[in-house]
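In what follows, a structure is listed as structure tokens, so that the remarks can point back to it.
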Amino acid sequence: MRSLLVHFFDYVNAVVLVYFIVSAAVYTTLMFISLYTVTLHSRIARRLGYGNLGDSPVTPPVTLIIPAYNEEDAIVQTASAMLELNYPEKEVIVVDDGSTDHTAMRMVQHFKLQRVERVYREFIPAQRPLVFYLNPEIPGLLLVSKENGGKSDALNVGINIARSPYFCTVDADSIIEKDALLRLMAPVVHSNVNTVVSGGVVRIANGSTMDKAMVRQIAMPKTWLERCQVVEYIRTFLFGRPGWNSLGATFICSGAFCLLNKEAVIQAGGFSRDTVTEDIDMIAKLHRDLKEKGRKYRMVFTTDPVCWTEAPHDLGTLAKQRRRWQLGLMQTVMRHDKMIFNPRFGATGMLSMPFHAYVEALGCVIEAVGTLLLPFSLFFSSMPLWFFAMVILLAVSYGTVLSMASVLLADATVRRYPRYRDLWILMAYTLFENLGYRQIITFYRAQGVLQYFTGKHKWEVVKHGGFAARAQAAAPEPRPVEAARA
Amino acid sequence: MRKAWLFLTNRVILGMVLFLALMAAWEFRVRPEYFPQTLVETDSR
Amino acid sequence: MFPIEFVAAFLGWMIALTLVVAASFQVILLWRRSVRARYFQRKDGAMARLAQPVERFLSGAADLASTMRLLGPLRDEAERDAVAEMAGRAHHPEAIARRSRLLWRTGHVHRWAEAAFGRQADAIVQAAFAQVGTQIPRVFANARMNVLRRRRIFAVPRALALHELGRLAPAHASVFLAHALRDPSVYVRRRAVECMGENAYPESVPYLLEELRRAVEEGNDVSLRTIKSALVRFRIVDMEPFLPFFRHPTQRMRFFVIDTLREICHRAAKGGLLGGSAFSAAMRQVVLEDCARDEFADVRARAAGVIRHFQDAAAMRALHTLLQDENEYVRLHSVRACAHIFYKPLIPELLQRVTDVRWRVREAAVKGLLDLAPQGQEQLYHFFATSRDKYACEQTAEELESRGLIRNLVADLAQGRAVVLHLAVCRKLLDMGFTSMLITELSRIARPELQISFTEALQLAPPEEVMAVLREVAEPHPEGEHAGALQLLYRGPQPELAEARTV
């Protein structure tokens, strides 16, 4: 009996160890690839600019679709910011998804919208809109009200109404930089293969000073929870995704700020309504649909367009968010499992899909179980204490290396933290993040996986407070030289 | 029934089950004795 | 398998390695910051010190020799970058020419050329200085080296150097850019194409056309959009080298050249029409006789966008034919091309397009007719008021709302202008259920007889929202002026309804 227990705990430790080795090997590869590609891309992006795209008739028009549910605090500012984006031809469609607050009223009042009738053509099945609003003096803005059907349904309605060949999904509580849409479109224009997805970086705005739709002063937030998320986001967006993109294996593009080809999305059937992370699911759907049709295509991720978003301030909200993301990831990998180790899907099928399925999706369960059983393992396992200690120390230091590499990358890109104090905090949190925060997130993720297997497939409601510092900035205008360096 | 079948033949589940089974086989059959089985030895004495 | 001591040592070394790597990243980060801080400090200092001589030279207030004396030897990268940045603020062509002279003399051009072209820099610099476009071979030398030269780590510095060379005076820059088209890296060639477009120097057009031809016929890693984006910055007079390509055997090539010409015309016209004198006789002929009758529909479609600018009888005839084309895109583009007051004789044909089978053509026709105010708008109103074509009427109603023309309609009615026609249009809108904007505008006007007339029309098929409003108004106070609302609610207008209205 005891022998069995020893074997069992050794078995658990061995599984955790193998999981750690595999994920470390993959992350190390991604790290080196990203260090190479991101720094070189930043050099070019910083110097060359996108002015020639900004006034070119060849730059395709874009529809910005903002699905909104109970976003009365943020929607007006977000819509205004979208209208002011530096882009030659765009339209903005705000889809009010049956909000129970004053989202629509705020829009109507601020932009002096009038109710109109519209011919609605359905390319993707979706709930019919109830009301349309526009102001003839603001021709690029349309507000659509419909009954609540979820974010996917709202996006599908927006796609049905969109006039442009490309559309950009924008979260109602996000801030997009003025040139971000041009930067997002640049790889599409520069590519001679149909680029169906172009994703950008999402950064955390907590702690930074906003002035209407611009980030005036980038700074670190005050609480440990938000600081850990800053490090985590930088790691995800500056080396996870660029690394996969360089291998031609893009699997995730954040729906907070993502450009998609409308025709390709319509052909793929639009956003799925039975998933909680429609953005991840859409990428997988596009891969499958385009491969099945034998079409040449490309999905890109660039590190210089920037979308700022608000990260959760408290553990409760963070937990809901991470459970939802994990649930969505599980739904996607389980639904599209035929892509795994399928050479038809190229690097996505052979590399990133298996990695996301086994390491990102299910691996958190292994990590959570290993962490939970750690005290028992210490007692029952045949592995001595020093071995455990060394492995844990290695895991923490390795995690620190990855985070430090991403902080180095962040400093090389266009939106770094200018103050030294913030830099020191960032560096410190590359270590602290591994001592507690990571474990907490692992447990939330494991709960998300559990939710999948127990049949829960719906959103948990997350209350947004709006950006904390959206009032007029007190900070002085930065000097042109400083602005260029920031 | 069909749902159960689809679930069990899902590549994600299959892959994970395979991995765990291989690890179990390694642990219970092949694993070298790195560390002394002190509790077992104590018991057997 | 490995002994335990080996595993322990391995783990120990791995921990040490990760700690060292983490520490190195920290050191690199801090070192990089301090290096950049020092660099920017020196650069700021250099800019403060050297700004005045540079600005005086660029504005023509000083000569090159005295400016060079004032600048002195540029000791480091910060000072060189400061001079280059200040000189780069020149936008006027004369200032750009002076800028080029300055950067030649300070050695910037040589430095950039070395970075961009390596060992071939000297010959290319001489050719550029002489503004001689040398015969540039198409063959890329040394294919094996090119594999390495294509790598981003080597290509990015070349692209950045070429970016600076491309901003020199166009006569010099075009030579550098033409040579850069031989580079194996797409970053460099793309930048060369973009710079050619930004400079819009006529000598560059043949190179861009060649890139276009390669992209269409052979495959080119510089995208078609990038090439086209560069080409559309040129002027029409620069497009003479395009002429043979309008008869190119490859239809895609013909499409791209006519589409580029269309974009150039659109850009130059700034919403108006250019007039026939903007085009050479040869160009007019080839567009009217070849492109307008091309077998490839997309070529015919884009030709309409060019023909409109000829603004003559031949253009009118050509557009008349294209409006009846069998292909929807040709009709669509032709309809858009007619949206100018010069083409008002084509209003009847545009009206026909309002009932086109394709909704985009219908939409474009409605927009075009509204742009051809007042005649086009009036004819569209007549059509709308009397037509039974559901799709055409929907398109029209939608456009009237989108453009805010409902307000103009109601305002005209209030002032007694074209009452019969506008009233018919409004009744049609009500019949179709396009009531929202109409009701809003109606509530703003102070003409009771107009309001009554509309409320009577609303009785025929009152929308639910209107019924709800009437109930709210009428039911709490069934007497007095609310009697009118009550009567409307129960569909029985009373004589005192008119008296109950107040101005």
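Ligands are numbered from 1 in the order shown, residues from 1 within each chain, and chains are lettered A, B, ... in the order they appear in the structure tokens.
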
(request) Give the helix (DSSP H, G or I) residues of range 165-366 of chain A, as assigned by DSSP on the backbone, as a PyMOL selection string. (result) chain A and resi 180-190+224-246+262-267+278-292+315-335+337-339+343-361+363-366

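Within 7 Å of chain A, counting only C-alpha atoms, chain C contributes Leu11, Ile15, Thr18, Leu19, Val21, Ala22, Phe25, Leu29, Ile153, Val156, Leu160, Asp221, Val222, Ser223, Leu224, Arg225, Thr226, Ser229, Glu394, Glu398, Glu401, Ser402, Arg403, Gly404, Phe434, Ser436 and Met437 of chain C.
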
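Using only C-alpha atoms, the contacts of Ala154 in chain A at a cut-off of 8 Å, with sequence neighbours closer than 2 positions omitted, comprise Pro67, Val95, Asp96, Asp97, Ala126, Gly149, Gly150, Lys151, Ser152, Asn156, Val157 and Gly158 of chain A.
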
Selection above as a file: N, CA and C atoms, as a compact mmCIF listing (two decimals), in the first residue's frame:
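Final file, selection_34.txt:
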# COMPACT_ATOMS: atom_id res chain seq x y z
N PRO A 67 -19.15 45.90 -30.00
CA PRO A 67 -20.30 45.31 -29.31
C PRO A 67 -20.32 45.83 -27.89
N VAL A 95 -22.88 48.28 -31.56
CA VAL A 95 -24.01 47.36 -31.45
C VAL A 95 -24.38 47.24 -29.98
N ASP A 96 -25.51 47.83 -29.64
CA ASP A 96 -25.98 47.76 -28.26
C ASP A 96 -26.73 46.44 -28.09
N ASP A 97 -26.12 45.53 -27.36
CA ASP A 97 -26.65 44.16 -27.27
C ASP A 97 -27.65 44.02 -26.14
N ALA A 126 -28.20 35.88 -37.48
CA ALA A 126 -28.07 36.62 -36.23
C ALA A 126 -29.44 37.19 -35.88
N GLY A 149 -28.11 38.99 -27.14
CA GLY A 149 -27.84 37.69 -27.77
C GLY A 149 -26.40 37.27 -27.58
N GLY A 150 -25.65 38.06 -26.82
CA GLY A 150 -24.24 37.71 -26.62
C GLY A 150 -23.33 38.48 -27.55
N LYS A 151 -22.06 38.48 -27.19
CA LYS A 151 -21.09 39.28 -27.95
C LYS A 151 -20.96 38.76 -29.38
N SER A 152 -20.95 37.45 -29.55
CA SER A 152 -20.80 36.89 -30.89
C SER A 152 -21.93 37.34 -31.79
N ASN A 156 -21.79 39.53 -35.18
CA ASN A 156 -22.35 39.06 -36.44
C ASN A 156 -23.30 40.09 -37.05
N VAL A 157 -24.07 40.73 -36.19
CA VAL A 157 -24.95 41.80 -36.68
C VAL A 157 -24.12 42.92 -37.28
N GLY A 158 -23.06 43.28 -36.59
CA GLY A 158 -22.16 44.33 -37.09
C GLY A 158 -21.58 43.94 -38.45

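Across the structure, CA of Lys146 in chain A and CA of Ile406 in chain C are spaced 24.7 Å apart.
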
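Near Ile159 in chain A, within 8 Å and counting only C-alpha atoms, sit Ile65, Ile124, Phe167 and Lys262 of chain A; same-chain residues fewer than 5 positions away were not included.
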
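Proximity of A:Ala357, A:Arg241, A:Gly140, A:Arg421 to Ile218 in chain A, computed with only C-alpha atoms, is greatest for A:Arg421.
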
Could you list, with a cut-off of 6 Å and counting only C-alpha atoms, the residues of chain A near chain B, each shown with its nearest atom pair and the distance in Å rounded to one decimal, rows sorted by chain and ascending number, as a Markdown table?
| residue | atom | partner | partner_atom | distance |
| --- | --- | --- | --- | --- |
| A:Ser3 | CA | B:Val40 | CA | 6.0 |
| A:Tyr11 | CA | B:Glu27 | CA | 5.8 |
| A:Asp337 | CA | B:Arg11 | CA | 5.5 |
| A:Ser382 | CA | B:Gln37 | CA | 5.7 |
| A:Met383 | CA | B:Phe35 | CA | 6.0 |

(request) List the neighbours of Ile366 in chain A out to 8 Å using only C-alpha atoms; skip same-chain residues closer than 4 positions along the sequence, and give me the result as JSON, numbers by chain. (result) {"A": [15, 16, 19, 362, 370]}

(request) Using only C-alpha atoms, find the one residue out of A:Val76, A:Met1, A:Ala162, A:Val12 that sits nearest to Leu373 in chain A. (result) A:Val12

(request) Determine, counting only C-alpha atoms, which protein, DNA and RNA residues have an atom within 10 Å of an atom of Lys178 in chain A; residues of the same chain fewer than 3 positions away are not included. Present the result as a list in words. (result) Ala81, Met82, Leu83, Glu84, Leu85, Asn86, Tyr87, Ile175, Leu181, Leu182, Arg183, Ala213, Met214, Pro305, Val306 and Cys307 of chain A

Can I get the selection written as a PDB file, in the first residue's frame, with N, CA and C atoms?
ATOM      1  N   ALA A  81     -13.381  58.090 -29.773  1.00  0.00           N
ATOM      2  CA  ALA A  81     -11.988  57.775 -30.094  1.00  0.00           C
ATOM      3  C   ALA A  81     -11.896  57.059 -31.441  1.00  0.00           C
ATOM      4  N   MET A  82     -12.839  56.170 -31.698  1.00  0.00           N
ATOM      5  CA  MET A  82     -12.822  55.441 -32.971  1.00  0.00           C
ATOM      6  C   MET A  82     -13.028  56.402 -34.142  1.00  0.00           C
ATOM      7  N   LEU A  83     -13.902  57.387 -33.941  1.00  0.00           N
ATOM      8  CA  LEU A  83     -14.158  58.350 -35.020  1.00  0.00           C
ATOM      9  C   LEU A  83     -12.933  59.208 -35.297  1.00  0.00           C
ATOM     10  N   GLU A  84     -12.109  59.388 -34.279  1.00  0.00           N
ATOM     11  CA  GLU A  84     -10.928  60.254 -34.447  1.00  0.00           C
ATOM     12  C   GLU A  84      -9.680  59.491 -34.851  1.00  0.00           C
ATOM     13  N   LEU A  85      -9.803  58.205 -35.051  1.00  0.00           N
ATOM     14  CA  LEU A  85      -8.626  57.433 -35.447  1.00  0.00           C
ATOM     15  C   LEU A  85      -8.061  57.974 -36.750  1.00  0.00           C
ATOM     16  N   ASN A  86      -6.763  57.936 -36.838  1.00  0.00           N
ATOM     17  CA  ASN A  86      -6.095  58.381 -38.041  1.00  0.00           C
ATOM     18  C   ASN A  86      -6.171  57.253 -39.074  1.00  0.00           C
ATOM     19  N   TYR A  87      -7.162  57.339 -39.942  1.00  0.00           N
ATOM     20  CA  TYR A  87      -7.338  56.307 -40.966  1.00  0.00           C
ATOM     21  C   TYR A  87      -8.138  56.926 -42.106  1.00  0.00           C
ATOM     22  N   ILE A 175      -9.185  51.450 -25.290  1.00  0.00           N
ATOM     23  CA  ILE A 175      -8.717  52.682 -25.942  1.00  0.00           C
ATOM     24  C   ILE A 175      -7.716  52.274 -27.011  1.00  0.00           C
ATOM     25  N   LEU A 181      -4.819  51.678 -36.001  1.00  0.00           N
ATOM     26  CA  LEU A 181      -5.511  50.998 -37.100  1.00  0.00           C
ATOM     27  C   LEU A 181      -4.640  50.973 -38.357  1.00  0.00           C
ATOM     28  N   LEU A 182      -3.904  52.037 -38.582  1.00  0.00           N
ATOM     29  CA  LEU A 182      -2.983  52.053 -39.736  1.00  0.00           C
ATOM     30  C   LEU A 182      -1.919  50.976 -39.560  1.00  0.00           C
ATOM     31  N   ARG A 183      -1.413  50.891 -38.344  1.00  0.00           N
ATOM     32  CA  ARG A 183      -0.371  49.894 -38.073  1.00  0.00           C
ATOM     33  C   ARG A 183      -0.918  48.474 -38.220  1.00  0.00           C
ATOM     34  N   ALA A 213      -9.033  60.063 -25.492  1.00  0.00           N
ATOM     35  CA  ALA A 213      -8.726  58.772 -26.104  1.00  0.00           C
ATOM     36  C   ALA A 213      -7.249  58.556 -26.291  1.00  0.00           C
ATOM     37  N   MET A 214      -6.445  59.213 -25.476  1.00  0.00           N
ATOM     38  CA  MET A 214      -5.001  59.041 -25.634  1.00  0.00           C
ATOM     39  C   MET A 214      -4.370  58.714 -24.308  1.00  0.00           C
ATOM     40  N   PRO A 305       0.912  48.142 -33.152  1.00  0.00           N
ATOM     41  CA  PRO A 305      -0.390  48.770 -32.895  1.00  0.00           C
ATOM     42  C   PRO A 305      -0.760  48.536 -31.435  1.00  0.00           C
ATOM     43  N   VAL A 306      -1.340  49.470 -30.768  1.00  0.00           N
ATOM     44  CA  VAL A 306      -1.588  49.283 -29.334  1.00  0.00           C
ATOM     45  C   VAL A 306      -3.020  49.606 -28.966  1.00  0.00           C
ATOM     46  N   CYS A 307      -3.590  48.696 -28.199  1.00  0.00           N
ATOM     47  CA  CYS A 307      -4.910  48.879 -27.617  1.00  0.00           C
ATOM     48  C   CYS A 307      -4.713  48.846 -26.107  1.00  0.00           C
TER      49      CYS A 307
END

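Coordinates place CA of Leu274 in chain C at a distance of 11.2 Å from CA of Asp312 in chain C.
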
(request) Measure the distance from CA of Leu442 in chain C to CA of Ala411 in chain C in Å and round it to one decimal. (result) 9.1 Å

(request) For Asp171 in chain A, please output as an MDAnalysis selection string all residues within 10 Å (counting only C-alpha atoms; exclusion window: fewer than 3 positions along the same chain). (result) chainID A and resid 65:68 71 75 78 151 168 174:176 254:258 307 309

For the selection you just gave me, I'd like the residues written to a file as an mmCIF file, in the first residue's frame, keeping N, CA and C atoms.
data_model
loop_
_atom_site.group_PDB
_atom_site.id
_atom_site.type_symbol
_atom_site.label_atom_id
_atom_site.label_comp_id
_atom_site.auth_asym_id
_atom_site.auth_seq_id
_atom_site.Cartn_x
_atom_site.Cartn_y
_atom_site.Cartn_z
ATOM 1 N N ILE A 65 -16.278 47.584 -35.349
ATOM 2 C CA ILE A 65 -17.495 47.088 -34.714
ATOM 3 C C ILE A 65 -17.270 47.045 -33.216
ATOM 4 N N ILE A 66 -18.115 47.755 -32.491
ATOM 5 C CA ILE A 66 -17.983 47.824 -31.028
ATOM 6 C C ILE A 66 -19.224 47.182 -30.418
ATOM 7 N N PRO A 67 -19.147 45.903 -30.000
ATOM 8 C CA PRO A 67 -20.302 45.310 -29.314
ATOM 9 C C PRO A 67 -20.323 45.834 -27.887
ATOM 10 N N ALA A 68 -21.498 46.239 -27.423
ATOM 11 C CA ALA A 68 -21.569 46.862 -26.093
ATOM 12 C C ALA A 68 -22.731 46.293 -25.304
ATOM 13 N N GLU A 71 -22.378 49.286 -21.081
ATOM 14 C CA GLU A 71 -21.114 50.023 -21.104
ATOM 15 C C GLU A 71 -21.373 51.524 -21.091
ATOM 16 N N ILE A 75 -18.830 53.924 -23.309
ATOM 17 C CA ILE A 75 -19.136 53.792 -24.738
ATOM 18 C C ILE A 75 -18.962 55.089 -25.531
ATOM 19 N N THR A 78 -15.289 55.711 -26.121
ATOM 20 C CA THR A 78 -14.724 54.746 -27.072
ATOM 21 C C THR A 78 -15.173 55.082 -28.491
ATOM 22 N N LYS A 151 -22.058 38.480 -27.195
ATOM 23 C CA LYS A 151 -21.086 39.276 -27.949
ATOM 24 C C LYS A 151 -20.958 38.764 -29.381
ATOM 25 N N CYS A 168 -12.861 45.553 -37.845
ATOM 26 C CA CYS A 168 -11.996 45.472 -36.671
ATOM 27 C C CYS A 168 -12.899 45.336 -35.453
ATOM 28 N N SER A 174 -12.144 49.616 -24.396
ATOM 29 C CA SER A 174 -10.733 49.717 -24.795
ATOM 30 C C SER A 174 -10.435 51.082 -25.364
ATOM 31 N N ILE A 175 -9.185 51.450 -25.290
ATOM 32 C CA ILE A 175 -8.717 52.682 -25.942
ATOM 33 C C ILE A 175 -7.716 52.274 -27.011
ATOM 34 N N ILE A 176 -7.952 52.738 -28.210
ATOM 35 C CA ILE A 176 -7.055 52.405 -29.324
ATOM 36 C C ILE A 176 -6.237 53.646 -29.651
ATOM 37 N N SER A 254 -6.308 38.661 -29.949
ATOM 38 C CA SER A 254 -7.255 39.185 -28.977
ATOM 39 C C SER A 254 -8.402 39.923 -29.641
ATOM 40 N N GLY A 255 -9.610 39.576 -29.248
ATOM 41 C CA GLY A 255 -10.787 40.229 -29.800
ATOM 42 C C GLY A 255 -10.909 41.682 -29.385
ATOM 43 N N ALA A 256 -10.132 42.086 -28.393
ATOM 44 C CA ALA A 256 -10.180 43.501 -27.980
ATOM 45 C C ALA A 256 -9.713 44.416 -29.100
ATOM 46 N N PHE A 257 -8.887 43.891 -29.981
ATOM 47 C CA PHE A 257 -8.365 44.709 -31.063
ATOM 48 C C PHE A 257 -7.823 43.800 -32.148
ATOM 49 N N CYS A 258 -8.658 43.521 -33.129
ATOM 50 C CA CYS A 258 -8.262 42.543 -34.139
ATOM 51 C C CYS A 258 -8.923 42.884 -35.459
ATOM 52 N N CYS A 307 -3.590 48.696 -28.199
ATOM 53 C CA CYS A 307 -4.910 48.879 -27.617
ATOM 54 C C CYS A 307 -4.713 48.846 -26.107
ATOM 55 N N THR A 309 -6.349 48.549 -22.343
ATOM 56 C CA THR A 309 -7.550 48.035 -21.699
ATOM 57 C C THR A 309 -7.380 48.079 -20.188
#

(request) Write down as a PyMOL selection string the residues belonging to range 162-310 of chain A that are assigned strand (DSSP E or B) by DSSP computed on the backbone. (result) chain A and resi 166-170+175-176+195-204+209-211+214-217+257-261+298-309

Print the selection's residues with C-alpha atoms to a file, as a compact mmCIF listing (two decimals), in the first residue's frame.
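Output file again.txt is given in full below:
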# COMPACT_ATOMS: atom_id res chain seq x y z
CA TYR A 166 -12.28 44.50 -43.47
CA PHE A 167 -13.63 44.94 -40.02
CA CYS A 168 -12.00 45.47 -36.67
CA THR A 169 -13.46 44.15 -33.44
CA VAL A 170 -13.03 46.59 -30.60
CA ILE A 175 -8.72 52.68 -25.94
CA ILE A 176 -7.05 52.41 -29.32
CA THR A 195 -4.15 38.43 -44.93
CA VAL A 196 -7.33 37.42 -43.16
CA VAL A 197 -6.37 38.30 -39.61
CA SER A 198 -4.16 41.03 -38.24
CA GLY A 199 -3.81 41.18 -34.49
CA GLY A 200 -2.29 43.81 -32.29
CA VAL A 201 -0.93 44.27 -28.82
CA VAL A 202 -3.19 44.84 -25.82
CA ARG A 203 -1.57 46.70 -22.96
CA ILE A 204 -2.86 47.42 -19.50
CA THR A 209 -3.03 58.72 -17.30
CA MET A 210 -5.59 58.98 -20.05
CA ASP A 211 -6.71 62.11 -21.78
CA MET A 214 -5.00 59.04 -25.63
CA VAL A 215 -2.54 57.69 -23.17
CA ARG A 216 -0.72 60.72 -21.87
CA GLN A 217 1.57 59.18 -19.33
CA PHE A 257 -8.36 44.71 -31.06
CA CYS A 258 -8.26 42.54 -34.14
CA LEU A 259 -8.66 43.17 -37.86
CA LEU A 260 -10.39 40.50 -39.91
CA ASN A 261 -11.33 39.99 -43.52
CA ARG A 298 -1.91 34.57 -43.87
CA MET A 299 -2.55 35.55 -40.26
CA VAL A 300 -0.28 38.12 -38.71
CA PHE A 301 0.42 39.63 -35.37
CA THR A 302 2.30 42.89 -35.01
CA THR A 303 3.70 44.40 -31.89
CA ASP A 304 3.35 48.09 -32.58
CA PRO A 305 -0.39 48.77 -32.89
CA VAL A 306 -1.59 49.28 -29.33
CA CYS A 307 -4.91 48.88 -27.62
CA TRP A 308 -5.17 49.84 -23.95
CA THR A 309 -7.55 48.03 -21.70
